Amino acid sequence: MRDSISVVISAYNESESVNELYKELTKVMKELPLKTYELIFVDDGSSDDTYEKCQKLQKKDSHVKIVHLRRNFGHEIAMTAGMDYAKGDAVVFMDADLQHPPHYIKDMVKYWQEGDDIVLTKRVENQATSKFYDFCAASFYKILNFLSDTKIPAKTPDFRLVDRSYVDFLKKFNEQDRLFRGLLSWAMPREKVKIIDFVAPDRFAGVSKYNYRKSLALAFNSIVQFSTRPLRMSIYLGLITAFISGCLGLYVIIEHFILRHPTPGYATIMTTVIFLGSIQLIVLGIIGEYIGKIHMEVKKRPLYIAEYKDNETKDKK
């Protein structure tokens with residue numbers, strides 16, 4: 001049956017947006033041909049009163065469920081926590097800042113009920129970002145898909161619908177450091193996937209939680225998680241520098257013994273040493289990133305600690 005939906009909403013310090021989002025979501029969900037639905041607000045350790053506002057919504061509407069993370073675990077883990085508690089035949093993932101317009105859920109459900117197991121959205125325009133940010137985002141996808149064995153469609157945010165069959169499969173992944181859209185792309189079939197174009201409006205309130213530093217860290221982590229190609233490229237880089245060094249050494253020999261025109265080599269030596277030393281540090285840094293990922297993964301720590309609250313059951317941890 002395809003008649004129940006869980007909407008997982010990741011919220012971190014979105015106190016000013018929660019009520020408006022709930023209002024728009026409720027209006028949309030009541031217009032859909034569904035037997036039941038649930039709105040799962042995942043409070044990712046907010047420092048404002050996001051959690052308290054979600055509690056007030058829950059008191060007046062039994063469709064509202066809350067997953068309260070004890071601290072800020074990050075957006076990817078927040079989505080995972082919401083997915084773990086979702087009960088619907090499909091799960092819609094979205095953010096709480098209203099940059100994922102709720103009215104597109106109508107199209108998602110329509111395609112899903114027609115047989116599409118996964119419905120993605122493609123952001124054709126983002127009114128909240130600058131052209132420079134959009135350029136960086138486009139460059140990120142090009143670099144990621146060049147380096148990664150798992151191709152991730154460009155400009156596809158985490159605003160999407162996933163059928164229960166794939167939700168149950170995704171729940172089997174136990175990576176500590178994860179990129180949700182990458183995991184879905186790894187498991188995603190070539191058929192039964194629909195893409196909806198949408199325009200992301202400006203934020204309803206507040207500021208974005210992703211600055212350039214966090215976005216860069218996410219980009220680098222994404223590459224490391226889904227590819228070993230940087231390690232292979234470091235080998236090629238080592239071979240190239242070895243070849244350059246060999247050519248430079250041959251030139252010095254020819255200049256000294258054949259051309260009889262030796263020149264002071266201090267600057268050349270220092271440049272070569274610094275260049276090769278830099279290459280070694282870069283390669284060691286790449287290797288260190290992978291070793292660090294292994295170190296964190298083998299600990300097998302729980303992904304999060306949370307409380308689940310609804311109007312029918314007691315708190316669950």
# chains A, B, ... in the order shown; residues from 1 in each chain; ligands from 1

call {"tool": "select_by_dssp", "arguments": {"residues": "range 147-255 of chain A", "states": "helix (DSSP H, G or I)", "output": "PyMOL selection string"}}
result
chain A and resi 147+164-170+180-187+212-226+229-255

call {"tool": "residues_around", "arguments": {"residues": "range 190-199 of chain A", "least_positions_apart": "2", "cutoff": "6 Å", "atoms": "only C-alpha atoms", "output": "JSON, numbers by chain"}}
result
{"A": [116, 117, 118, 119, 120, 121, 122, 123, 124, 125]}

call {"tool": "select_by_dssp", "arguments": {"residues": "range 88-127 of chain A", "states": "strand (DSSP E or B)", "output": "NGL selection string"}}
result
:A and (90-95 or 118-126)

call {"tool": "write_last_selection", "arguments": {"atoms": "N, CA and C atoms", "output": "CSV table (one decimal), in the first residue's frame"}}
result
chain,number,residue,atom,x,y,z
A,90,ALA,N,6.4,5.7,2.9
A,90,ALA,CA,7.5,6.5,2.2
A,90,ALA,C,7.9,7.6,3.2
A,91,VAL,N,9.1,8.1,3.0
A,91,VAL,CA,9.6,9.1,3.9
A,91,VAL,C,10.0,10.3,3.0
A,92,VAL,N,9.5,11.5,3.4
A,92,VAL,CA,9.9,12.7,2.7
A,92,VAL,C,10.9,13.4,3.6
A,93,PHE,N,12.1,13.8,3.1
A,93,PHE,CA,13.1,14.5,3.9
A,93,PHE,C,13.1,16.0,3.5
A,94,MET,N,13.2,16.8,4.5
A,94,MET,CA,13.2,18.3,4.2
A,94,MET,C,13.8,19.0,5.3
A,95,ASP,N,14.2,20.3,5.1
A,95,ASP,CA,14.8,21.2,6.1
A,95,ASP,C,13.6,22.0,6.7
A,118,ILE,N,11.6,6.5,-5.8
A,118,ILE,CA,12.4,7.6,-5.3
A,118,ILE,C,12.1,8.9,-6.2
A,119,VAL,N,11.8,10.0,-5.5
A,119,VAL,CA,11.5,11.2,-6.1
A,119,VAL,C,12.5,12.3,-5.6
A,120,LEU,N,13.4,12.7,-6.5
A,120,LEU,CA,14.4,13.7,-6.1
A,120,LEU,C,13.9,15.1,-6.5
A,121,THR,N,14.5,16.1,-5.9
A,121,THR,CA,14.3,17.5,-6.4
A,121,THR,C,15.6,18.1,-6.9
A,122,LYS,N,15.5,18.9,-7.9
A,122,LYS,CA,16.6,19.6,-8.5
A,122,LYS,C,16.4,21.1,-8.3
A,123,ARG,N,17.4,21.7,-7.6
A,123,ARG,CA,17.3,23.1,-7.4
A,123,ARG,C,17.8,23.9,-8.6
A,124,VAL,N,16.9,24.5,-9.4
A,124,VAL,CA,17.3,25.2,-10.6
A,124,VAL,C,17.7,26.6,-10.3
A,125,GLU,N,17.2,27.1,-9.1
A,125,GLU,CA,17.6,28.5,-8.7
A,125,GLU,C,17.5,28.5,-7.1
A,126,ASN,N,18.4,29.3,-6.5
A,126,ASN,CA,18.4,29.5,-5.1
A,126,ASN,C,18.5,30.9,-4.8

call {"tool": "residues_around", "arguments": {"residues": "Ser234 in chain A", "least_positions_apart": "3", "cutoff": "10 Å", "atoms": "only C-alpha atoms", "output": "compact mmCIF listing (two decimals) with C-alpha atoms, in the first residue's frame"}}
result
# COMPACT_ATOMS: atom_id res chain seq x y z
CA ARG A 229 40.87 7.92 -6.09
CA PRO A 230 42.75 10.65 -4.15
CA LEU A 231 45.08 7.92 -2.86
CA LEU A 237 51.64 12.85 -8.35
CA GLY A 238 54.67 11.11 -6.84
CA LEU A 239 55.61 9.66 -10.24
CA ILE A 240 55.27 13.07 -11.90
CA ILE A 279 54.14 17.11 -2.16
CA GLN A 280 55.06 14.67 0.62
CA ILE A 282 49.98 16.66 0.83
CA VAL A 283 50.20 12.91 0.23
CA LEU A 284 50.63 12.21 3.94
CA ILE A 286 45.48 12.47 2.22
CA ILE A 287 46.60 9.18 3.75

call {"tool": "atom_distance", "arguments": {"atom1": "CA of Asp61 in chain A", "atom2": "CA of Ser15 in chain A"}}
result
18.0 Å

call {"tool": "residues_around", "arguments": {"residues": "Leu25 in chain A", "least_positions_apart": "3", "cutoff": "10 Å", "atoms": "only C-alpha atoms", "output": "list in words"}}
result
Val7, Asn19, Glu20, Leu21, Tyr22, Val28, Met29, Lys30, Leu39, Pro101, Pro102, His103 and Ile105 of chain A

call {"tool": "residues_around", "arguments": {"residues": "Gly88 in chain A", "least_positions_apart": "3", "cutoff": "7 Å", "atoms": "only C-alpha atoms", "output": "count of residues only"}}
result
5

call {"tool": "residues_around", "arguments": {"residues": "Ala154 in chain A", "least_positions_apart": "5", "cutoff": "9 Å", "atoms": "only C-alpha atoms", "output": "JSON, numbers by chain"}}
result
{"A": [122, 123, 137, 138, 140, 141, 142]}
